[in-house]
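One file, coords-v6.csv, carrying CSV, C-alpha atoms:
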```
chain,number,residue,atom,x,y,z
S,28,MET,CA,217.2,197.9,52.5
S,29,PRO,CA,215.3,199.4,55.5
S,30,ASP,CA,214.3,197.1,58.3
S,31,VAL,CA,211.0,195.3,57.9
S,32,ILE,CA,208.1,196.9,59.8
S,33,GLU,CA,205.6,194.6,61.6
S,34,ILE,CA,202.0,195.7,62.1
S,35,PRO,CA,200.3,193.1,64.3
S,36,ASP,CA,196.9,194.7,64.3
S,37,ARG,CA,196.8,194.7,60.5
S,38,GLY,CA,198.3,191.2,60.2
S,39,TYR,CA,201.3,191.9,58.0
S,40,ARG,CA,205.0,193.0,57.9
S,41,PHE,CA,206.5,195.1,55.1
S,42,ALA,CA,209.8,196.4,53.8
S,43,PRO,CA,209.6,200.2,53.1
S,44,TYR,CA,210.9,201.4,49.7
S,45,ALA,CA,209.3,204.6,48.3
S,46,PHE,CA,206.3,206.8,49.0
S,47,GLN,CA,204.2,205.1,46.3
S,48,TYR,CA,204.9,201.5,47.3
S,49,SER,CA,206.8,199.1,49.5
S,50,SER,CA,209.2,196.5,48.1
S,51,GLY,CA,207.4,193.6,49.7
S,52,LEU,CA,204.6,192.7,52.2
S,53,ALA,CA,203.9,189.4,54.0
S,54,ALA,CA,201.0,188.2,56.1
S,55,LEU,CA,201.7,187.4,59.7
S,56,PRO,CA,200.8,184.0,61.2
S,57,GLY,CA,197.1,183.7,61.6
S,58,TRP,CA,196.4,186.0,58.6
S,59,ARG,CA,196.4,185.5,54.8
S,60,ILE,CA,196.6,187.6,51.7
S,61,GLU,CA,193.7,187.3,49.2
S,62,ARG,CA,193.9,188.5,45.6
S,63,VAL,CA,191.0,189.8,43.5
S,64,ARG,CA,191.3,190.3,39.7
S,65,PHE,CA,188.8,192.3,37.7
S,66,THR,CA,187.5,190.8,34.5
S,67,ARG,CA,188.1,194.2,32.9
S,68,PRO,CA,190.3,197.1,34.1
S,69,VAL,CA,188.4,199.6,36.3
S,70,PRO,CA,189.3,203.3,36.1
S,71,LEU,CA,191.4,204.4,39.1
S,72,ASP,CA,188.8,206.6,41.0
S,73,GLN,CA,186.0,204.1,40.3
S,74,GLY,CA,188.3,201.3,41.4
S,75,PHE,CA,189.1,202.9,44.7
S,76,ARG,CA,185.4,203.3,45.4
S,77,LEU,CA,184.6,199.7,44.3
S,78,ILE,CA,187.5,198.3,46.4
S,79,SER,CA,186.3,200.3,49.4
S,80,GLU,CA,182.8,198.8,49.1
S,81,MET,CA,184.3,195.3,48.6
S,82,LEU,CA,186.5,195.5,51.7
S,83,ARG,CA,183.7,196.7,53.8
S,84,GLY,CA,181.5,193.9,52.4
S,85,GLU,CA,184.2,191.4,53.5
S,86,GLY,CA,184.2,192.9,57.0
S,87,VAL,CA,187.8,194.2,56.8
S,88,PRO,CA,189.0,197.8,57.2
S,89,LEU,CA,190.4,199.9,54.3
S,90,THR,CA,193.8,199.4,55.9
S,91,ALA,CA,193.6,195.8,54.9
S,92,PHE,CA,194.4,196.9,51.3
S,93,CYS,CA,197.9,195.6,50.7
S,94,ALA,CA,198.7,195.3,47.0
S,95,CYS,CA,197.5,196.5,43.7
S,96,GLU,CA,198.2,195.9,40.0
S,97,LEU,CA,197.5,198.8,37.7
S,98,ARG,CA,197.2,199.4,34.0
S,99,SER,CA,198.0,202.8,32.4
S,100,PRO,CA,197.4,204.1,28.8
S,101,ALA,CA,201.1,204.6,28.0
S,102,PRO,CA,204.5,205.0,29.8
S,103,PHE,CA,204.9,208.2,31.8
S,104,THR,CA,207.7,210.7,31.7
S,105,ASP,CA,209.6,210.9,35.0
S,106,GLN,CA,207.5,214.0,36.0
S,107,GLY,CA,204.3,212.4,34.8
S,108,PHE,CA,205.0,209.3,36.8
S,109,LEU,CA,205.7,211.4,39.9
S,110,ASP,CA,202.4,213.3,39.5
S,111,PHE,CA,200.5,210.1,39.1
S,112,ASN,CA,202.1,208.6,42.2
S,113,LYS,CA,201.1,211.6,44.2
S,114,ARG,CA,197.5,211.2,43.1
S,115,TYR,CA,197.5,207.5,43.9
S,116,ALA,CA,199.2,207.9,47.3
S,117,ALA,CA,196.8,210.7,48.3
S,118,VAL,CA,194.0,208.2,48.4
S,119,LEU,CA,196.0,205.7,50.5
S,120,GLY,CA,196.6,208.6,52.9
S,121,GLU,CA,192.8,209.3,53.1
S,122,TRP,CA,192.3,205.6,53.9
S,123,GLY,CA,194.8,205.7,56.7
S,124,VAL,CA,197.1,203.1,55.0
S,125,PRO,CA,200.6,204.7,55.5
S,126,VAL,CA,202.4,203.7,58.7
S,127,ASN,CA,204.4,206.5,60.2
S,128,GLY,CA,204.8,208.0,56.8
S,129,GLN,CA,205.8,204.7,55.1
S,130,ASN,CA,203.6,203.1,52.4
S,131,PRO,CA,203.1,199.3,53.0
S,132,VAL,CA,201.2,198.6,49.8
S,133,THR,CA,203.1,196.7,47.0
S,134,ARG,CA,202.3,197.6,43.4
S,135,SER,CA,202.9,197.1,39.8
S,136,ASN,CA,201.8,199.6,37.1
S,137,VAL,CA,202.2,198.6,33.5
S,138,CYS,CA,201.0,199.8,30.1
S,139,PRO,CA,199.4,197.3,27.6
S,140,ASP,CA,200.9,197.8,24.2
S,141,ILE,CA,197.6,196.9,22.4
S,142,ALA,CA,194.1,198.1,23.5
S,143,PRO,CA,195.3,200.0,26.6
S,144,PRO,CA,192.8,201.5,29.0
S,145,PRO,CA,191.9,205.1,28.3
S,146,GLU,CA,193.0,206.1,31.8
S,147,PRO,CA,195.0,204.5,34.7
S,148,SER,CA,193.0,201.6,36.0
S,149,PHE,CA,193.0,198.7,38.5
S,150,TYR,CA,193.7,195.2,37.1
S,151,ALA,CA,193.8,193.5,40.5
S,152,PHE,CA,194.3,194.1,44.2
S,153,SER,CA,195.0,192.2,47.3
S,154,TYR,CA,194.1,192.5,51.0
S,155,VAL,CA,194.9,190.9,54.3
S,156,ARG,CA,192.4,189.2,56.5
S,157,PRO,CA,192.5,187.0,59.6
S,158,ALA,CA,192.7,183.3,58.8
S,159,SER,CA,193.7,180.8,61.5
S,160,GLY,CA,196.3,178.2,60.2
S,161,ALA,CA,196.7,179.9,56.8
S,162,PRO,CA,200.0,179.1,55.0
S,163,PRO,CA,202.4,182.0,54.5
S,164,SER,CA,201.5,184.5,51.8
S,165,PHE,CA,203.2,187.6,50.4
S,166,THR,CA,203.5,190.0,47.5
S,167,VAL,CA,206.4,192.0,46.1
S,168,SER,CA,206.3,195.1,44.0
S,169,GLY,CA,207.1,194.9,40.3
S,170,SER,CA,210.5,196.3,39.2
S,171,GLY,CA,211.8,197.5,35.8
S,172,GLU,CA,215.4,197.5,34.8
S,173,SER,CA,216.5,200.6,36.7
S,174,VAL,CA,218.9,200.6,39.6
S,175,ASP,CA,218.4,202.5,42.9
S,176,GLY,CA,220.1,205.8,43.4
S,177,ALA,CA,219.9,209.4,42.4
S,178,GLY,CA,219.3,210.7,38.9
S,179,SER,CA,216.7,210.2,36.2
S,180,TYR,CA,215.4,206.9,35.1
S,181,ALA,CA,217.5,207.3,31.9
S,182,GLU,CA,220.6,207.6,34.1
S,183,ARG,CA,219.7,204.5,36.1
S,184,THR,CA,218.5,202.1,33.4
S,185,VAL,CA,220.4,199.0,32.6
S,186,ALA,CA,221.1,198.6,28.9
S,187,TYR,CA,219.3,201.9,28.2
S,188,ARG,CA,217.4,201.9,24.9
S,189,ASP,CA,219.1,198.6,24.0
S,190,VAL,CA,216.4,196.2,23.0
S,191,SER,CA,218.7,193.7,21.3
S,192,PRO,CA,218.7,190.1,22.6
S,193,ASP,CA,221.8,190.9,24.6
S,194,GLY,CA,220.3,194.1,26.0
S,195,MET,CA,217.1,192.4,27.0
S,196,ARG,CA,219.0,189.7,28.8
S,197,LYS,CA,220.9,192.3,30.8
S,198,LYS,CA,217.6,194.0,31.6
S,199,ALA,CA,216.1,190.7,32.7
S,200,GLU,CA,219.1,189.8,34.8
S,201,GLN,CA,218.8,193.1,36.7
S,202,VAL,CA,215.1,192.7,37.3
S,203,MET,CA,215.4,189.2,38.6
S,204,ARG,CA,218.1,190.3,41.0
S,205,VAL,CA,215.8,193.0,42.3
S,206,ILE,CA,212.8,190.6,42.7
S,207,GLU,CA,214.9,188.0,44.5
S,208,ALA,CA,216.2,190.7,46.9
S,209,ARG,CA,212.7,192.0,47.5
S,210,MET,CA,211.4,188.5,48.3
S,211,ALA,CA,214.4,187.7,50.5
S,212,GLY,CA,213.8,191.0,52.4
S,213,ILE,CA,210.5,189.6,53.7
S,214,GLY,CA,211.7,186.0,54.1
S,215,PHE,CA,210.7,184.3,50.9
S,216,SER,CA,212.2,182.9,47.7
S,217,TRP,CA,211.1,181.5,44.3
S,218,ARG,CA,210.0,178.2,46.0
S,219,ASP,CA,207.3,180.1,47.8
S,220,VAL,CA,205.9,181.8,44.6
S,221,THR,CA,202.5,180.9,43.2
S,222,GLY,CA,202.5,183.5,40.5
S,223,THR,CA,205.2,185.2,38.4
S,224,GLN,CA,204.2,187.9,35.9
S,225,VAL,CA,206.4,189.4,33.2
S,226,TYR,CA,205.7,192.6,31.4
S,227,THR,CA,207.5,193.3,28.1
S,228,VAL,CA,206.8,193.6,24.4
S,229,TYR,CA,210.1,191.9,23.5
S,230,ASP,CA,210.9,188.2,23.2
S,231,ILE,CA,211.6,186.5,26.5
S,232,THR,CA,212.1,183.0,25.1
S,233,PRO,CA,215.9,183.2,24.7
S,234,PHE,CA,216.4,183.6,28.5
S,235,LEU,CA,213.2,182.0,29.8
S,236,PRO,CA,214.9,178.6,30.5
S,237,ASP,CA,217.9,179.8,32.5
S,238,LEU,CA,216.7,183.1,34.1
S,239,PHE,CA,213.2,181.8,35.0
S,240,VAL,CA,212.7,178.0,34.8
S,241,ALA,CA,216.1,176.9,36.1
S,242,ARG,CA,215.9,179.2,39.2
S,243,GLY,CA,212.4,178.1,40.1
S,244,ALA,CA,210.6,181.2,39.0
S,245,ALA,CA,208.4,179.3,36.6
S,246,ALA,CA,207.3,176.4,38.8
S,247,HIS,CA,203.7,177.5,38.2
S,248,GLY,CA,204.4,178.9,34.8
S,249,VAL,CA,205.0,182.5,33.8
S,250,THR,CA,202.2,184.9,32.9
S,251,TRP,CA,203.6,187.1,30.1
S,252,HIS,CA,201.7,190.4,29.6
S,253,HIS,CA,202.3,192.2,26.3
S,254,ALA,CA,202.9,195.5,28.1
S,255,ARG,CA,205.5,198.0,29.0
S,256,PRO,CA,206.8,199.2,32.4
S,257,PRO,CA,205.3,202.6,33.4
S,258,VAL,CA,208.2,204.9,32.6
S,259,VAL,CA,209.4,205.8,29.1
S,260,ASP,CA,212.3,203.7,27.9
S,261,LEU,CA,211.9,201.0,30.5
S,262,GLU,CA,211.3,197.7,28.7
S,263,PHE,CA,211.1,194.8,31.1
S,264,GLU,CA,209.3,194.3,34.4
S,265,VAL,CA,208.5,191.4,36.7
S,266,ASP,CA,206.4,190.9,39.8
S,267,ALA,CA,205.7,187.9,42.0
S,268,ARG,CA,203.4,186.7,44.7
S,269,GLY,CA,202.7,183.7,46.9
S,270,VAL,CA,199.0,183.8,47.5
S,271,GLY,CA,196.7,180.8,48.1
S,272,ILE,CA,193.3,182.4,47.5
S,273,GLU,CA,192.5,184.3,44.3
S,274,ARG,CA,189.3,185.1,42.6
S,275,VAL,CA,187.9,187.0,39.6
S,276,VAL,CA,185.1,189.5,39.8
```
Whole structure, structure tokens version:
Amino acid sequence: MPDVIEIPDRGYRFAPYAFQYSSGLAALPGWRIERVRFTRPVPLDQGFRLISEMLRGEGVPLTAFCACELRSPAPFTDQGFLDFNKRYAAVLGEWGVPVNGQNPVTRSNVCPDIAPPPEPSFYAFSYVRPASGAPPSFTVSGSGESVDGAGSYAERTVAYRDVSPDGMRKKAEQVMRVIEARMAGIGFSWRDVTGTQVYTVYDITPFLPDLFVARGAAAHGVTWHHARPPVVDLEFEVDARGVGIERVV
């Protein structure tokens, strides 16, 4: 994993990962992350405009934008996902968010299986602001059951197209390893988490006790979204955060 990059004037440090998102981001001392969830998903372009207005209204720059949670109509093909990521990353570039070519923003992007939005949309976002004495806060990007490396998602997917109970457990084990590594990369663990979200349309109850509760991932419960990861044939995703202030607008 690349070294963590610290940006004092923005109040955070982050672990680079890909052009479309970082693996994790944490507020520096004297700063905090705040999360905002929309009552209904907001289409991507409209969402960017609305977030821009909200950040300016809060008196923070666009570069304070540090995390987002997206909803898409259906899983993408590999090429479709790349095309979408380029569109999304272009706006971040216009906002001046990338740091020396590295994207600091964490992200999840999932697809509701029932009543999905008609187009990619914002579900929630987070930003960093000065806050003297604030406790530590962080976000990590969501991960499906693929492993890092060259090749297509199909070639890198754990238990590819296996949605049996055993296959889903293997997928969940892979995802939890990734999330733990992403948290550790910025100095956090499950004991610091205030919110754990799971995205799958398959039953998680067989492995919920040992893979989540026993390791401390469910200290504040688990929010289970009946949704799929953003790429065809990925079936299980998790993200996590440790954020003290959240609101719904």
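A straight line drawn from atom CA of S:Ser191 to atom CA of S:Asp230 is 9.7 Å long.
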Place a sphere of radius 9 Å on (206.6, 201.1, 48.2) in the file coordinates and name every protein, DNA or RNA residue with an atom inside or on its surface, counting all atoms listed in the file; give the answer as a PDB file with C-alpha atoms, in the frame of the given file.
```
ATOM      1  CA  ALA S  42     209.800 196.400  53.800  1.00  0.00           C
ATOM      2  CA  PRO S  43     209.600 200.200  53.100  1.00  0.00           C
ATOM      3  CA  TYR S  44     210.900 201.400  49.700  1.00  0.00           C
ATOM      4  CA  ALA S  45     209.300 204.600  48.300  1.00  0.00           C
ATOM      5  CA  PHE S  46     206.300 206.800  49.000  1.00  0.00           C
ATOM      6  CA  GLN S  47     204.200 205.100  46.300  1.00  0.00           C
ATOM      7  CA  TYR S  48     204.900 201.500  47.300  1.00  0.00           C
ATOM      8  CA  SER S  49     206.800 199.100  49.500  1.00  0.00           C
ATOM      9  CA  SER S  50     209.200 196.500  48.100  1.00  0.00           C
ATOM     10  CA  GLY S  51     207.400 193.600  49.700  1.00  0.00           C
ATOM     11  CA  GLN S 129     205.800 204.700  55.100  1.00  0.00           C
ATOM     12  CA  ASN S 130     203.600 203.100  52.400  1.00  0.00           C
ATOM     13  CA  PRO S 131     203.100 199.300  53.000  1.00  0.00           C
ATOM     14  CA  VAL S 132     201.200 198.600  49.800  1.00  0.00           C
ATOM     15  CA  THR S 133     203.100 196.700  47.000  1.00  0.00           C
ATOM     16  CA  ARG S 134     202.300 197.600  43.400  1.00  0.00           C
ATOM     17  CA  SER S 168     206.300 195.100  44.000  1.00  0.00           C
TER      18      SER S 168
END
```
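In this structure, atom CA of S:Val185 sits 17.3 Å away from atom CA of S:Thr104.
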Judged by only C-alpha atoms, the minimum distance to S:Pro102 among S:Val137, S:Tyr226, S:Glu200, S:Phe75 is found for S:Val137
Per residue of stretch 128-181 of chain S within 9 Å of stretch 252-266 of chain S, what are the shortest atom pair and its distance in Å to one decimal, counting all atoms listed in the file, with rows by chain and residue number, as JSON lines?
```
{"residue": "S:Arg134", "atom": "CA", "partner": "S:Asp266", "partner_atom": "CA", "distance": 8.6}
{"residue": "S:Ser135", "atom": "CA", "partner": "S:Asp266", "partner_atom": "CA", "distance": 7.1}
{"residue": "S:Asn136", "atom": "CA", "partner": "S:Pro257", "partner_atom": "CA", "distance": 5.9}
{"residue": "S:Val137", "atom": "CA", "partner": "S:Pro256", "partner_atom": "CA", "distance": 4.8}
{"residue": "S:Cys138", "atom": "CA", "partner": "S:Arg255", "partner_atom": "CA", "distance": 5.0}
{"residue": "S:Pro139", "atom": "CA", "partner": "S:Ala254", "partner_atom": "CA", "distance": 4.0}
{"residue": "S:Asp140", "atom": "CA", "partner": "S:Ala254", "partner_atom": "CA", "distance": 4.9}
{"residue": "S:Ile141", "atom": "CA", "partner": "S:His253", "partner_atom": "CA", "distance": 7.7}
{"residue": "S:Pro143", "atom": "CA", "partner": "S:Ala254", "partner_atom": "CA", "distance": 9.0}
{"residue": "S:Thr166", "atom": "CA", "partner": "S:Asp266", "partner_atom": "CA", "distance": 8.3}
{"residue": "S:Val167", "atom": "CA", "partner": "S:Asp266", "partner_atom": "CA", "distance": 6.4}
{"residue": "S:Ser168", "atom": "CA", "partner": "S:Asp266", "partner_atom": "CA", "distance": 5.9}
{"residue": "S:Gly169", "atom": "CA", "partner": "S:Asp266", "partner_atom": "CA", "distance": 4.1}
{"residue": "S:Ser170", "atom": "CA", "partner": "S:Glu264", "partner_atom": "CA", "distance": 5.3}
{"residue": "S:Gly171", "atom": "CA", "partner": "S:Glu264", "partner_atom": "CA", "distance": 4.3}
{"residue": "S:Glu172", "atom": "CA", "partner": "S:Phe263", "partner_atom": "CA", "distance": 6.3}
{"residue": "S:Ser173", "atom": "CA", "partner": "S:Leu261", "partner_atom": "CA", "distance": 7.7}
{"residue": "S:Tyr180", "atom": "CA", "partner": "S:Val258", "partner_atom": "CA", "distance": 7.9}
{"residue": "S:Ala181", "atom": "CA", "partner": "S:Asp260", "partner_atom": "CA", "distance": 7.5}
```
Selected residue of minimal separation from S:Pro162 among S:Gly248, S:Met203, S:Phe41, S:Ala54, counting all atoms listed in the file
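With all atoms listed in the file as the atom set, the closest residue is S:Ala54.
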Tell me which of S:Val228, S:Ala208, S:Val155, S:Val249 sits closest to S:Glu85, counting only C-alpha atoms.
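Smallest distance to S:Glu85 is found for S:Val155.
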Got a sec: who's within 9 Å of S:Ser159, counting only C-alpha atoms, leaving out chain neighbours fewer than 3 positions off, as JSON, numbers by chain?
{"S": [56, 57, 58, 59]}
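Near S:Asp193, within 12 Å and counting all atoms listed in the file, sit S:Val185, S:Ala186, S:Tyr187, S:Ala199, S:Glu200, S:Tyr229, S:Asp230, S:Ile231, S:Pro233, S:Phe234, not including residues fewer than 6 positions from it in the same chain.
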For S:Ala161, which residue among S:Glu207, S:Glu61, S:Glu182, S:Glu121 is the nearest when counting all atoms listed in the file?
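Smallest distance to S:Ala161 is found for S:Glu61.
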Looking at S:Ile60, S:Leu52, S:Ile272, S:Leu82, which one is nearest to S:Ser153, with distances taken over all atoms listed in the file?
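Using all atoms listed in the file, the shortest distance to S:Ser153 belongs to S:Ile60.
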Which residues, written as a compact mmCIF listing (two decimals) with C-alpha atoms, in the frame of the given file, have at least one atom at most 10 Å from S:Thr223, with only C-alpha atoms counted and residues fewer than 6 positions away on the same chain left out?
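Writing the result to around.txt gives the following:
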```
# COMPACT_ATOMS: atom_id res chain seq x y z
CA TRP S 217 211.10 181.50 44.30
CA PHE S 239 213.20 181.80 35.00
CA ALA S 244 210.60 181.20 39.00
CA ALA S 245 208.40 179.30 36.60
CA ALA S 246 207.30 176.40 38.80
CA HIS S 247 203.70 177.50 38.20
CA GLY S 248 204.40 178.90 34.80
CA VAL S 249 205.00 182.50 33.80
CA THR S 250 202.20 184.90 32.90
CA TRP S 251 203.60 187.10 30.10
CA VAL S 265 208.50 191.40 36.70
CA ASP S 266 206.40 190.90 39.80
CA ALA S 267 205.70 187.90 42.00
CA ARG S 268 203.40 186.70 44.70
CA GLY S 269 202.70 183.70 46.90
```
Point-to-point distance from atom CA of S:Val276 to atom CA of S:Ala53, Å rounded to tenths
23.6 Å
In terms of the shortest atom-to-atom distance over all atoms listed in the file, which of S:Val202, S:Leu89, S:Val270, S:Val225 is closest to S:Gly120?
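For S:Gly120, the nearest of the given residues is S:Leu89.
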6 Å per side around stretch 152-158 of chain S: axis-aligned box centre and edge lengths, as AutoDock Vina command-line options:
```
--center_x 193.7 --center_y 188.7 --center_z 51.9 --size_x 14.6 --size_y 22.8 --size_z 27.4
```
Could you name the residues that touch S:Ile78 at 9 Å or less, counting only C-alpha atoms, but leaving out those on the same chain fewer than 5 positions away, as number ranges by chain?
S: 73, 83, 89, 92, 152
